[in-house]
$ cat target_16.pdb   # PDB, C-alpha atoms and all ligand atoms
ATOM      1  CA  MET A   1      -3.447  16.826  21.472
ATOM      2  CA  PRO A   2      -5.582  17.053  18.320
ATOM      3  CA  THR A   3      -3.906  19.274  15.719
ATOM      4  CA  ASN A   4      -7.009  20.172  13.690
ATOM      5  CA  ASP A   5      -6.856  23.718  12.369
ATOM      6  CA  THR A   6      -9.697  26.214  12.667
ATOM      7  CA  ASN A   7     -11.297  24.665   9.568
ATOM      8  CA  GLY A   8     -11.269  21.261  11.265
ATOM      9  CA  ARG A   9      -8.675  19.870   8.876
ATOM     10  CA  ARG A  10      -7.128  16.839  10.502
ATOM     11  CA  LEU A  11      -3.647  16.951   8.957
ATOM     12  CA  ALA A  12      -3.019  20.683   9.001
ATOM     13  CA  GLY A  13       0.697  21.480   9.071
ATOM     14  CA  LYS A  14       1.753  17.861   8.421
ATOM     15  CA  THR A  15       4.094  16.781   5.634
ATOM     16  CA  ALA A  16       3.498  13.377   4.057
ATOM     17  CA  LEU A  17       5.502  11.267   1.615
ATOM     18  CA  ILE A  18       3.364   8.751  -0.262
ATOM     19  CA  THR A  19       5.074   6.146  -2.440
ATOM     20  CA  GLY A  20       3.585   4.899  -5.701
ATOM     21  CA  ALA A  21       1.182   7.824  -5.608
ATOM     22  CA  ALA A  22       1.041   8.903  -9.249
ATOM     23  CA  ARG A  23      -2.224   6.983  -9.545
ATOM     24  CA  GLY A  24      -4.568   4.549  -7.803
ATOM     25  CA  LEU A  25      -4.783   4.254  -4.036
ATOM     26  CA  GLY A  26      -1.695   6.389  -3.475
ATOM     27  CA  ARG A  27      -3.144   9.258  -5.470
ATOM     28  CA  ALA A  28      -6.488   9.002  -3.637
ATOM     29  CA  ILE A  29      -4.675   9.064  -0.292
ATOM     30  CA  ALA A  30      -2.664  12.104  -1.391
ATOM     31  CA  GLN A  31      -5.856  13.889  -2.466
ATOM     32  CA  ARG A  32      -7.535  13.311   0.911
ATOM     33  CA  PHE A  33      -4.355  14.310   2.772
ATOM     34  CA  VAL A  34      -4.300  17.613   0.832
ATOM     35  CA  ASP A  35      -7.989  18.151   1.591
ATOM     36  CA  GLU A  36      -7.138  17.643   5.283
ATOM     37  CA  GLY A  37      -4.421  20.298   5.155
ATOM     38  CA  ALA A  38      -1.229  18.260   4.574
ATOM     39  CA  GLN A  39       1.687  19.079   2.299
ATOM     40  CA  VAL A  40       2.232  16.024   0.109
ATOM     41  CA  ILE A  41       5.285  14.642  -1.642
ATOM     42  CA  ILE A  42       4.337  12.241  -4.417
ATOM     43  CA  ASN A  43       6.747   9.415  -5.214
ATOM     44  CA  ASP A  44       6.592   7.115  -8.192
ATOM     45  CA  LEU A  45       9.029   5.205 -10.372
ATOM     46  CA  ASN A  46       9.170   7.954 -13.009
ATOM     47  CA  ILE A  47       9.156  11.666 -12.354
ATOM     48  CA  ALA A  48       6.697  12.675 -15.133
ATOM     49  CA  PRO A  49       3.582  10.923 -13.767
ATOM     50  CA  ALA A  50       4.563  11.766 -10.184
ATOM     51  CA  GLN A  51       5.004  15.436 -11.128
ATOM     52  CA  ALA A  52       1.687  15.495 -13.027
ATOM     53  CA  THR A  53      -0.150  14.214  -9.950
ATOM     54  CA  ALA A  54       1.745  16.551  -7.640
ATOM     55  CA  ASP A  55       0.910  19.519  -9.889
ATOM     56  CA  SER A  56      -2.782  18.640  -9.936
ATOM     57  CA  LEU A  57      -2.877  18.314  -6.133
ATOM     58  CA  GLY A  58      -0.562  21.197  -5.294
ATOM     59  CA  GLY A  59       2.248  19.021  -3.930
ATOM     60  CA  GLN A  60       5.840  18.124  -4.738
ATOM     61  CA  ALA A  61       7.201  15.104  -6.588
ATOM     62  CA  VAL A  62      10.165  12.808  -6.225
ATOM     63  CA  ALA A  63      11.138   9.836  -8.384
ATOM     64  CA  GLY A  64      12.534   6.646  -6.920
ATOM     65  CA  ASP A  65      12.339   2.869  -7.103
ATOM     66  CA  VAL A  66      11.368   1.660  -3.636
ATOM     67  CA  ALA A  67      12.820  -1.777  -4.422
ATOM     68  CA  ASP A  68      16.306  -0.292  -4.784
ATOM     69  CA  SER A  69      17.905   0.794  -1.490
ATOM     70  CA  ALA A  70      20.305   3.238  -3.195
ATOM     71  CA  SER A  71      17.398   4.843  -5.062
ATOM     72  CA  VAL A  72      15.435   5.102  -1.802
ATOM     73  CA  ALA A  73      18.398   6.727  -0.039
ATOM     74  CA  ARG A  74      18.692   9.308  -2.860
ATOM     75  CA  MET A  75      14.950   9.928  -2.721
ATOM     76  CA  PHE A  76      15.061  10.650   1.017
ATOM     77  CA  GLU A  77      17.984  13.050   0.519
ATOM     78  CA  GLN A  78      15.712  14.975  -1.845
ATOM     79  CA  VAL A  79      12.838  14.750   0.619
ATOM     80  CA  ALA A  80      15.049  16.141   3.385
ATOM     81  CA  ASP A  81      15.885  19.091   1.086
ATOM     82  CA  MET A  82      12.186  19.665   0.352
ATOM     83  CA  THR A  83      10.866  19.693   3.898
ATOM     84  CA  GLU A  84      12.086  20.531   7.378
ATOM     85  CA  ARG A  85      10.228  17.585   8.876
ATOM     86  CA  LEU A  86       8.546  14.408   7.709
ATOM     87  CA  ASP A  87       5.413  13.634   9.689
ATOM     88  CA  ILE A  88       3.816  10.851   7.651
ATOM     89  CA  LEU A  89       5.132   8.106   5.373
ATOM     90  CA  VAL A  90       2.696   5.938   3.421
ATOM     91  CA  ASN A  91       4.395   2.888   1.918
ATOM     92  CA  ASN A  92       1.897   2.304  -0.860
ATOM     93  CA  ALA A  93       3.957   1.451  -3.982
ATOM     94  CA  GLY A  94       3.102  -1.980  -5.261
ATOM     95  CA  ILE A  95       2.741  -4.304  -8.215
ATOM     96  CA  SER A  96       0.385  -7.130  -9.076
ATOM     97  CA  GLY A  97       3.049  -8.995 -11.016
ATOM     98  CA  LEU A  98       0.803  -8.912 -14.086
ATOM     99  CA  GLU A  99       2.127  -5.588 -15.440
ATOM    100  CA  GLY A 100       3.247  -5.710 -19.059
ATOM    101  CA  ASP A 101       2.144  -9.317 -19.512
ATOM    102  CA  ASN A 102      -0.429  -9.557 -22.302
ATOM    103  CA  ASN A 103      -1.417 -13.086 -21.329
ATOM    104  CA  ALA A 104      -1.538 -12.414 -17.616
ATOM    105  CA  GLN A 105      -5.294 -11.974 -17.383
ATOM    106  CA  GLN A 106      -5.925 -15.274 -19.154
ATOM    107  CA  ARG A 107      -3.316 -17.076 -17.032
ATOM    108  CA  VAL A 108      -4.982 -15.828 -13.842
ATOM    109  CA  LEU A 109      -8.425 -16.898 -15.065
ATOM    110  CA  ASP A 110      -7.114 -20.313 -16.178
ATOM    111  CA  ASN A 111      -5.462 -20.746 -12.819
ATOM    112  CA  VAL A 112      -8.666 -19.901 -10.918
ATOM    113  CA  GLU A 113     -10.644 -22.299 -13.097
ATOM    114  CA  ARG A 114      -8.109 -25.127 -12.561
ATOM    115  CA  MET A 115      -8.202 -24.581  -8.787
ATOM    116  CA  GLN A 116     -12.020 -24.552  -8.755
ATOM    117  CA  ARG A 117     -12.210 -27.783 -10.785
ATOM    118  CA  ALA A 118      -9.647 -29.539  -8.579
ATOM    119  CA  ALA A 119     -11.399 -28.323  -5.400
ATOM    120  CA  ALA A 120     -14.689 -29.681  -6.805
ATOM    121  CA  GLY A 121     -13.125 -33.142  -6.984
ATOM    122  CA  GLU A 122     -12.233 -33.277 -10.677
ATOM    123  CA  PRO A 123      -8.821 -34.789 -11.474
ATOM    124  CA  PRO A 124      -6.288 -31.930 -11.248
ATOM    125  CA  THR A 125      -4.763 -30.786 -14.540
ATOM    126  CA  GLY A 126      -1.770 -28.620 -15.465
ATOM    127  CA  ASP A 127       0.767 -26.773 -13.360
ATOM    128  CA  THR A 128      -0.171 -24.648 -10.367
ATOM    129  CA  GLY A 129       0.543 -20.919 -10.206
ATOM    130  CA  THR A 130       3.456 -21.417  -7.828
ATOM    131  CA  MET A 131       5.073 -23.949 -10.191
ATOM    132  CA  GLU A 132       4.957 -21.289 -12.933
ATOM    133  CA  LEU A 133       6.523 -18.596 -10.736
ATOM    134  CA  SER A 134      10.109 -17.728 -11.769
ATOM    135  CA  ASP A 135      12.873 -16.713  -9.353
ATOM    136  CA  ASP A 136      12.805 -13.226 -10.876
ATOM    137  CA  ASP A 137       9.049 -12.830 -10.414
ATOM    138  CA  TRP A 138       9.285 -14.014  -6.799
ATOM    139  CA  HIS A 139      12.184 -11.660  -5.988
ATOM    140  CA  ARG A 140      10.553  -8.705  -7.766
ATOM    141  CA  MET A 141       7.302  -9.160  -5.805
ATOM    142  CA  LEU A 142       9.089  -9.301  -2.457
ATOM    143  CA  GLY A 143      11.503  -6.598  -3.614
ATOM    144  CA  VAL A 144       8.889  -3.950  -4.352
ATOM    145  CA  HIS A 145       6.540  -4.683  -1.448
ATOM    146  CA  LEU A 146       8.576  -6.060   1.437
ATOM    147  CA  ASN A 147      12.064  -4.708   0.705
ATOM    148  CA  GLY A 148      10.530  -1.412  -0.440
ATOM    149  CA  THR A 149       8.628  -1.023   2.819
ATOM    150  CA  PHE A 150      11.767  -1.784   4.821
ATOM    151  CA  PHE A 151      14.040   0.541   2.792
ATOM    152  CA  CYS A 152      11.583   3.463   3.044
ATOM    153  CA  CYS A 153      10.919   2.926   6.764
ATOM    154  CA  ARG A 154      14.651   2.777   7.495
ATOM    155  CA  GLU A 155      15.260   6.102   5.743
ATOM    156  CA  ALA A 156      12.130   7.743   7.164
ATOM    157  CA  LEU A 157      13.149   6.823  10.693
ATOM    158  CA  LYS A 158      16.379   8.765  10.216
ATOM    159  CA  LEU A 159      14.158  11.849   9.913
ATOM    160  CA  MET A 160      11.394  10.881  12.333
ATOM    161  CA  ASN A 161      13.521   9.569  15.165
ATOM    162  CA  PRO A 162      15.347  12.885  15.818
ATOM    163  CA  GLN A 163      11.933  14.613  15.625
ATOM    164  CA  ARG A 164      10.635  12.161  18.234
ATOM    165  CA  SER A 165       7.445  11.974  16.227
ATOM    166  CA  GLY A 166       6.176  10.295  13.109
ATOM    167  CA  ASN A 167       3.487   8.222  11.558
ATOM    168  CA  ILE A 168       4.021   5.325   9.170
ATOM    169  CA  ILE A 169       1.282   3.552   7.238
ATOM    170  CA  ASN A 170       2.182   0.394   5.315
ATOM    171  CA  MET A 171      -0.054  -0.938   2.547
ATOM    172  CA  GLY A 172      -0.864  -4.587   3.155
ATOM    173  CA  SER A 173      -3.786  -6.459   1.640
ATOM    174  CA  ILE A 174      -6.427  -8.966   2.621
ATOM    175  CA  MET A 175      -4.189 -11.251   0.559
ATOM    176  CA  GLY A 176      -1.734 -10.982   3.450
ATOM    177  CA  THR A 177      -4.286 -11.950   6.079
ATOM    178  CA  PHE A 178      -5.794 -15.005   4.435
ATOM    179  CA  GLY A 179      -4.541 -17.395   1.778
ATOM    180  CA  ARG A 180      -5.463 -17.239  -1.875
ATOM    181  CA  GLY A 181      -4.164 -19.715  -4.435
ATOM    182  CA  GLY A 182      -2.372 -18.351  -7.468
ATOM    183  CA  GLY A 183      -0.920 -15.417  -5.549
ATOM    184  CA  THR A 184       1.676 -16.958  -3.257
ATOM    185  CA  ALA A 185       4.371 -14.332  -3.863
ATOM    186  CA  TYR A 186       1.940 -11.417  -3.411
ATOM    187  CA  CYS A 187       0.393 -13.015  -0.290
ATOM    188  CA  ALA A 188       3.848 -13.698   1.185
ATOM    189  CA  ALA A 189       4.971 -10.118   0.521
ATOM    190  CA  LYS A 190       1.833  -8.612   2.056
ATOM    191  CA  ALA A 191       1.868 -10.958   5.065
ATOM    192  CA  GLY A 192       5.517  -9.991   5.580
ATOM    193  CA  ILE A 193       4.545  -6.315   5.586
ATOM    194  CA  LEU A 194       1.969  -6.939   8.327
ATOM    195  CA  GLY A 195       4.543  -8.739  10.502
ATOM    196  CA  PHE A 196       7.114  -6.023   9.832
ATOM    197  CA  THR A 197       4.530  -3.395  10.814
ATOM    198  CA  ARG A 198       3.822  -4.987  14.194
ATOM    199  CA  SER A 199       7.504  -5.420  15.016
ATOM    200  CA  LEU A 200       8.482  -1.892  13.988
ATOM    201  CA  ALA A 201       5.500  -0.428  15.860
ATOM    202  CA  HIS A 202       6.779  -2.044  19.042
ATOM    203  CA  GLU A 203      10.356  -0.929  18.368
ATOM    204  CA  VAL A 204       9.578   2.771  17.933
ATOM    205  CA  VAL A 205       6.580   3.274  20.224
ATOM    206  CA  GLY A 206       8.767   4.993  22.837
ATOM    207  CA  TYR A 207       9.948   7.483  20.193
ATOM    208  CA  ASN A 208       6.398   8.779  19.614
ATOM    209  CA  ILE A 209       6.258   7.114  16.203
ATOM    210  CA  ARG A 210       3.158   5.108  15.278
ATOM    211  CA  VAL A 211       3.239   2.342  12.643
ATOM    212  CA  ASN A 212       0.061   0.788  11.267
ATOM    213  CA  ALA A 213      -1.058  -1.066   8.175
ATOM    214  CA  ILE A 214      -4.048  -0.982   5.861
ATOM    215  CA  ALA A 215      -5.184  -4.267   4.337
ATOM    216  CA  PRO A 216      -7.635  -3.346   1.548
ATOM    217  CA  GLY A 217     -10.069  -5.771   0.030
ATOM    218  CA  TRP A 218     -10.617  -5.686  -3.728
ATOM    219  CA  ILE A 219     -10.557  -2.067  -4.935
ATOM    220  CA  HIS A 220     -11.167  -0.635  -8.432
ATOM    221  CA  THR A 221      -7.809   0.651  -9.719
ATOM    222  CA  ASP A 222      -5.563   0.168 -12.745
ATOM    223  CA  MET A 223      -4.095  -2.783 -10.842
ATOM    224  CA  THR A 224      -7.343  -4.749 -10.581
ATOM    225  CA  ASP A 225      -9.344  -3.530 -13.581
ATOM    226  CA  PRO A 226      -7.493  -5.877 -16.009
ATOM    227  CA  LEU A 227      -9.076  -8.713 -13.995
ATOM    228  CA  ALA A 228     -12.604  -7.500 -14.844
ATOM    229  CA  PRO A 229     -13.817 -11.012 -15.777
ATOM    230  CA  MET A 230     -13.228 -11.985 -12.127
ATOM    231  CA  HIS A 231     -15.213  -9.032 -10.747
ATOM    232  CA  PRO A 232     -18.635 -10.781 -10.670
ATOM    233  CA  MET A 233     -17.090 -13.624  -8.651
ATOM    234  CA  LEU A 234     -15.343 -11.152  -6.328
ATOM    235  CA  LYS A 235     -18.528  -9.123  -5.809
ATOM    236  CA  ALA A 236     -20.460 -12.284  -5.027
ATOM    237  CA  ALA A 237     -17.877 -13.197  -2.375
ATOM    238  CA  THR A 238     -18.022  -9.716  -0.804
ATOM    239  CA  PRO A 239     -20.928  -9.281   1.656
ATOM    240  CA  MET A 240     -21.329  -5.626   0.593
ATOM    241  CA  GLY A 241     -21.686  -6.844  -2.989
ATOM    242  CA  ARG A 242     -19.176  -4.478  -4.582
ATOM    243  CA  LEU A 243     -15.507  -3.760  -5.059
ATOM    244  CA  GLY A 244     -14.209  -0.822  -3.072
ATOM    245  CA  ASP A 245     -13.339   2.645  -4.345
ATOM    246  CA  ALA A 246      -9.902   4.163  -3.860
ATOM    247  CA  ASP A 247     -11.548   6.702  -1.562
ATOM    248  CA  ASP A 248     -12.586   3.886   0.812
ATOM    249  CA  ILE A 249      -8.891   3.318   1.456
ATOM    250  CA  ALA A 250      -7.976   7.009   1.505
ATOM    251  CA  TRP A 251     -10.304   7.595   4.473
ATOM    252  CA  ALA A 252      -8.646   4.769   6.409
ATOM    253  CA  ALA A 253      -5.267   6.414   5.761
ATOM    254  CA  VAL A 254      -6.567   9.816   6.905
ATOM    255  CA  TYR A 255      -7.789   8.251  10.136
ATOM    256  CA  LEU A 256      -4.514   6.437  10.860
ATOM    257  CA  ALA A 257      -2.475   9.552  10.033
ATOM    258  CA  SER A 258      -4.595  11.809  12.233
ATOM    259  CA  GLU A 259      -4.608  12.410  15.971
ATOM    260  CA  GLU A 260      -7.928  10.560  16.107
ATOM    261  CA  ALA A 261      -5.827   7.379  15.890
ATOM    262  CA  LYS A 262      -3.389   8.406  18.628
ATOM    263  CA  PHE A 263      -3.956   5.146  20.567
ATOM    264  CA  MET A 264      -3.443   3.004  17.446
ATOM    265  CA  THR A 265      -0.123   1.368  16.672
ATOM    266  CA  GLY A 266       0.839  -2.029  15.275
ATOM    267  CA  GLN A 267      -2.705  -2.423  13.925
ATOM    268  CA  THR A 268      -4.079  -3.536  10.593
ATOM    269  CA  LEU A 269      -7.168  -1.692   9.393
ATOM    270  CA  SER A 270      -8.966  -3.625   6.683
ATOM    271  CA  PRO A 271     -11.647  -1.875   4.587
ATOM    272  CA  ASN A 272     -12.876  -4.862   2.591
ATOM    273  CA  GLY A 273     -16.688  -4.798   2.360
ATOM    274  CA  GLY A 274     -16.902  -7.732   4.775
ATOM    275  CA  TRP A 275     -14.835 -10.127   2.637
ATOM    276  CA  TYR A 276     -12.654 -10.970   5.614
ATOM    277  CA  MET A 277     -13.841 -10.312   9.157
ATOM    278  CA  SER A 278     -11.351 -10.342  12.016
ATOM    279  CA  GLN A 279     -11.184  -9.421  15.695
TER     280      GLN A 279
HETATM  281  N1  LIG B 301      -6.281  -2.331  -5.846
HETATM  282  C1  LIG B 301      -6.506  -3.264  -4.939
HETATM  283  O1  LIG B 301      -7.512  -4.006  -4.987
HETATM  284  C2  LIG B 301      -5.515  -3.472  -3.809
HETATM  285  C3  LIG B 301      -5.905  -4.311  -2.757
HETATM  286  C4  LIG B 301      -5.021  -4.513  -1.696
HETATM  287  C5  LIG B 301      -3.808  -3.883  -1.692
HETATM  288  N2  LIG B 301      -3.433  -3.075  -2.724
HETATM  289  C6  LIG B 301      -2.117  -2.451  -2.652
HETATM  290  O2  LIG B 301      -2.292  -1.043  -2.698
HETATM  291  C7  LIG B 301      -1.132  -0.444  -3.295
HETATM  292  C8  LIG B 301      -1.573   0.445  -4.453
HETATM  293  O3  LIG B 301      -2.264  -0.348  -5.392
HETATM  294  P1  LIG B 301      -3.100   0.264  -6.611
HETATM  295  O4  LIG B 301      -4.268  -0.619  -6.800
HETATM  296  O5  LIG B 301      -3.274   1.717  -6.429
HETATM  297  O6  LIG B 301      -2.069  -0.043  -7.814
HETATM  298  P2  LIG B 301      -1.676   0.820  -9.092
HETATM  299  O7  LIG B 301      -0.987  -0.150  -9.993
HETATM  300  O8  LIG B 301      -2.838   1.571  -9.613
HETATM  301  O9  LIG B 301      -0.628   1.878  -8.515
HETATM  302  C9  LIG B 301       0.620   1.467  -8.013
HETATM  303  C10 LIG B 301       1.620   2.592  -8.192
HETATM  304  O10 LIG B 301       2.882   2.158  -7.627
HETATM  305  C11 LIG B 301       3.908   2.520  -8.532
HETATM  306  N3  LIG B 301       5.072   1.646  -8.344
HETATM  307  C12 LIG B 301       5.188   0.348  -8.710
HETATM  308  N4  LIG B 301       6.398  -0.120  -8.402
HETATM  309  C13 LIG B 301       7.071   0.913  -7.824
HETATM  310  C14 LIG B 301       8.376   1.045  -7.297
HETATM  311  N5  LIG B 301       9.237   0.016  -7.318
HETATM  312  N6  LIG B 301       8.741   2.240  -6.781
HETATM  313  C15 LIG B 301       7.881   3.284  -6.768
HETATM  314  N7  LIG B 301       6.620   3.211  -7.263
HETATM  315  C16 LIG B 301       6.232   2.036  -7.793
HETATM  316  C17 LIG B 301       3.279   2.368  -9.912
HETATM  317  O11 LIG B 301       4.026   3.076 -10.907
HETATM  318  C18 LIG B 301       1.884   2.924  -9.673
HETATM  319  O12 LIG B 301       1.812   4.314  -9.888
HETATM  320  C19 LIG B 301      -0.239  -1.607  -3.697
HETATM  321  O13 LIG B 301       0.725  -1.832  -2.678
HETATM  322  C20 LIG B 301      -1.185  -2.768  -3.794
HETATM  323  O14 LIG B 301      -0.535  -4.011  -3.628
HETATM  324  C21 LIG B 301      -4.271  -2.847  -3.784
END

$ encode --input "target_16.pdb" --output "structure tokens"
Amino acid sequence: MPTNDTNGRRLAGKTALITGAARGLGRAIAQRFVDEGAQVIINDLNIAPAQATADSLGGQAVAGDVADSASVARMFEQVADMTERLDILVNNAGISGLEGDNNAQQRVLDNVERMQRAAAGEPPTGDTGTMELSDDDWHRMLGVHLNGTFFCCREALKLMNPQRSGNIINMGSIMGTFGRGGGTAYCAAKAGILGFTRSLAHEVVGYNIRVNAIAPGWIHTDMTDPLAPMHPMLKAATPMGRLGDADDIAWAAVYLASEEAKFMTGQTLSPNGGWYMSQ
């Protein structure tokens, strides 16, 4: 049954926890959820930015590192104290792996240029991105995205399963649906999330819990703006000729979280301007 209120708000009466929502896509999703009548709980690594976003949206905030299972367990204890029920979990927290690295932008551009030259038949030069990837960088990438999604789903299910209802949205990426050199750890983490999503969706379908993923194309946020020199190339490769806005992803999340998507589970919705077309 649709649960729209008299104002037509699609998430009226729902409570949603959104990870990594102090800024970027998570914040945009939280904003749209509030507009659609939901109570939101904003997670991020540090409480100050999470609280600032929560205050501006009229929600609550909780700190926690999704890559750390003990931190996630503590966070969900707080969430359980804040709300009687958890209707929606959006596993959005993520990293590019370039954070805090002053040379990262140049390394990415050099890497792209090396790949393009080698693909054009010039003798390959230098190391490849995967050769430069340290154990720590690999583990951190999988830790935040893949482990984080698992840890948060496991805790959320402890609340949703007794309710016999729930809605989980995992943030994938087009990088998890097709290959892209120079991003093997990120692509592996995001592809893992999509596989995890399908398996979990099947596991909990009988408990009235839906699990879907969003696989955004290239979107303007603090994560991608440091790669501005690549934007002309990315726009040229996108049939719609532009990068997406955070709101393009927020609307996909509203749809998946709403009753309009009641026949959707185990799916990957990919707003990407036509970059990657599937099924
Ligand atoms: N921007 C894009 O083009 C794009 C495309 C596809 C997928 N995504 C994915 O969308 C999600 C959001 O990306 P964004 O562009 O808004 O990035 P962003 O860097 O603007 O925001 C990410 C947020 O996650 C938080 N975060 C990072 N690690 C965390 C952790 N361990 N625990 C809790 N919070 C943590 C950060 O503090 C930040 O507030 C990510 O999962 C990203 O991989 C982004």

$ residues_around --input "target_16.pdb" --residues "range 78-80 of chain A" --least-positions-apart "3" --cutoff "10 Å" --atoms "only C-alpha atoms" --output "PyMOL selection string"
chain A and resi 17+41+43+60-63+72-75+83-86+156+159

$ resolve_selection --input "target_16.pdb" --expression "the PyMOL selection byres (((chain A and resi 258) around 9) and not hetatm)" --output "list of chain:residue names"
A:Pro2, A:Thr3, A:Asn4, A:Arg10, A:Leu11, A:Asn167, A:Ala253, A:Val254, A:Tyr255, A:Leu256, A:Ala257, A:Glu259, A:Glu260, A:Ala261, A:Lys262

$ residues_near_ligand --input "target_16.pdb" --ligand "ligand LIG 301 (chain B)" --cutoff "6 Å" --atoms "all atoms listed in the file" --output "PyMOL selection string"
chain A and resi 19-26+44-45+64-67+92-95+144+171-173+216-224

$ resolve_selection --input "target_16.pdb" --expression "the PyMOL selection byres (((chain A and resi 127) around 12) and not hetatm)" --output "short mmCIF file (atom, residue, chain, number, x, y, z; two decimals) with C-alpha atoms, in the frame of the given file"
data_model
loop_
_atom_site.label_atom_id
_atom_site.label_comp_id
_atom_site.auth_asym_id
_atom_site.auth_seq_id
_atom_site.Cartn_x
_atom_site.Cartn_y
_atom_site.Cartn_z
CA ARG A 107 -3.32 -17.08 -17.03
CA ASP A 110 -7.11 -20.31 -16.18
CA ASN A 111 -5.46 -20.75 -12.82
CA VAL A 112 -8.67 -19.90 -10.92
CA ARG A 114 -8.11 -25.13 -12.56
CA MET A 115 -8.20 -24.58 -8.79
CA ALA A 118 -9.65 -29.54 -8.58
CA PRO A 124 -6.29 -31.93 -11.25
CA THR A 125 -4.76 -30.79 -14.54
CA GLY A 126 -1.77 -28.62 -15.46
CA THR A 128 -0.17 -24.65 -10.37
CA GLY A 129 0.54 -20.92 -10.21
CA THR A 130 3.46 -21.42 -7.83
CA MET A 131 5.07 -23.95 -10.19
CA GLU A 132 4.96 -21.29 -12.93
CA LEU A 133 6.52 -18.60 -10.74
CA GLY A 182 -2.37 -18.35 -7.47
#

$ residues_around --input "target_16.pdb" --residues "Asp87 in chain A" --least-positions-apart "3" --cutoff "6 Å" --atoms "all atoms listed in the file" --output "NGL selection string"
:A and (14-16 or 166)

$ closest_residue --input "target_16.pdb" --among "A:Lys190, A:Ile174, A:Arg140, A:Arg117" --to "Gly273 in chain A" --atoms "only C-alpha atoms"
A:Ile174

$ resolve_selection --input "target_16.pdb" --expression "the PyMOL selection byres (((chain A and resi 194-201) around 8) and not hetatm)" --output "PyMOL selection string"
chain A and resi 170+172+176+190-193+202-205+209-213+265-268

$ write_last_selection --input "target_16.pdb" --atoms "C-alpha atoms" --output "PDB file, in the frame of the given file"
ATOM      1  CA  ASN A 170       2.182   0.394   5.315  1.00  0.00           C
ATOM      2  CA  GLY A 172      -0.864  -4.587   3.155  1.00  0.00           C
ATOM      3  CA  GLY A 176      -1.734 -10.982   3.450  1.00  0.00           C
ATOM      4  CA  LYS A 190       1.833  -8.612   2.056  1.00  0.00           C
ATOM      5  CA  ALA A 191       1.868 -10.958   5.065  1.00  0.00           C
ATOM      6  CA  GLY A 192       5.517  -9.991   5.580  1.00  0.00           C
ATOM      7  CA  ILE A 193       4.545  -6.315   5.586  1.00  0.00           C
ATOM      8  CA  HIS A 202       6.779  -2.044  19.042  1.00  0.00           C
ATOM      9  CA  GLU A 203      10.356  -0.929  18.368  1.00  0.00           C
ATOM     10  CA  VAL A 204       9.578   2.771  17.933  1.00  0.00           C
ATOM     11  CA  VAL A 205       6.580   3.274  20.224  1.00  0.00           C
ATOM     12  CA  ILE A 209       6.258   7.114  16.203  1.00  0.00           C
ATOM     13  CA  ARG A 210       3.158   5.108  15.278  1.00  0.00           C
ATOM     14  CA  VAL A 211       3.239   2.342  12.643  1.00  0.00           C
ATOM     15  CA  ASN A 212       0.061   0.788  11.267  1.00  0.00           C
ATOM     16  CA  ALA A 213      -1.058  -1.066   8.175  1.00  0.00           C
ATOM     17  CA  THR A 265      -0.123   1.368  16.672  1.00  0.00           C
ATOM     18  CA  GLY A 266       0.839  -2.029  15.275  1.00  0.00           C
ATOM     19  CA  GLN A 267      -2.705  -2.423  13.925  1.00  0.00           C
ATOM     20  CA  THR A 268      -4.079  -3.536  10.593  1.00  0.00           C
TER      21      THR A 268
END

$ closest_residue --input "target_16.pdb" --among "A:Met141, A:Ala48, A:Ile42, A:Ile29" --to "Cys187 in chain A" --atoms "all atoms listed in the file"
A:Met141

$ atom_distance --input "target_16.pdb" --atom1 "CA of Thr177 in chain A" --atom2 "CA of Leu146 in chain A"
14.9 Å

$ atom_distance --input "target_16.pdb" --atom1 "CA of Ala215 in chain A" --atom2 "CA of Pro271 in chain A"
6.9 Å

$ atom_distance --input "target_16.pdb" --atom1 "CA of Gly206 in chain A" --atom2 "CA of Phe150 in chain A"
19.5 Å

$ closest_residue --input "target_16.pdb" --among "A:Pro162, A:Thr238, A:Asp245, A:Leu57" --to "Gly274 in chain A" --atoms "all atoms listed in the file"
A:Thr238
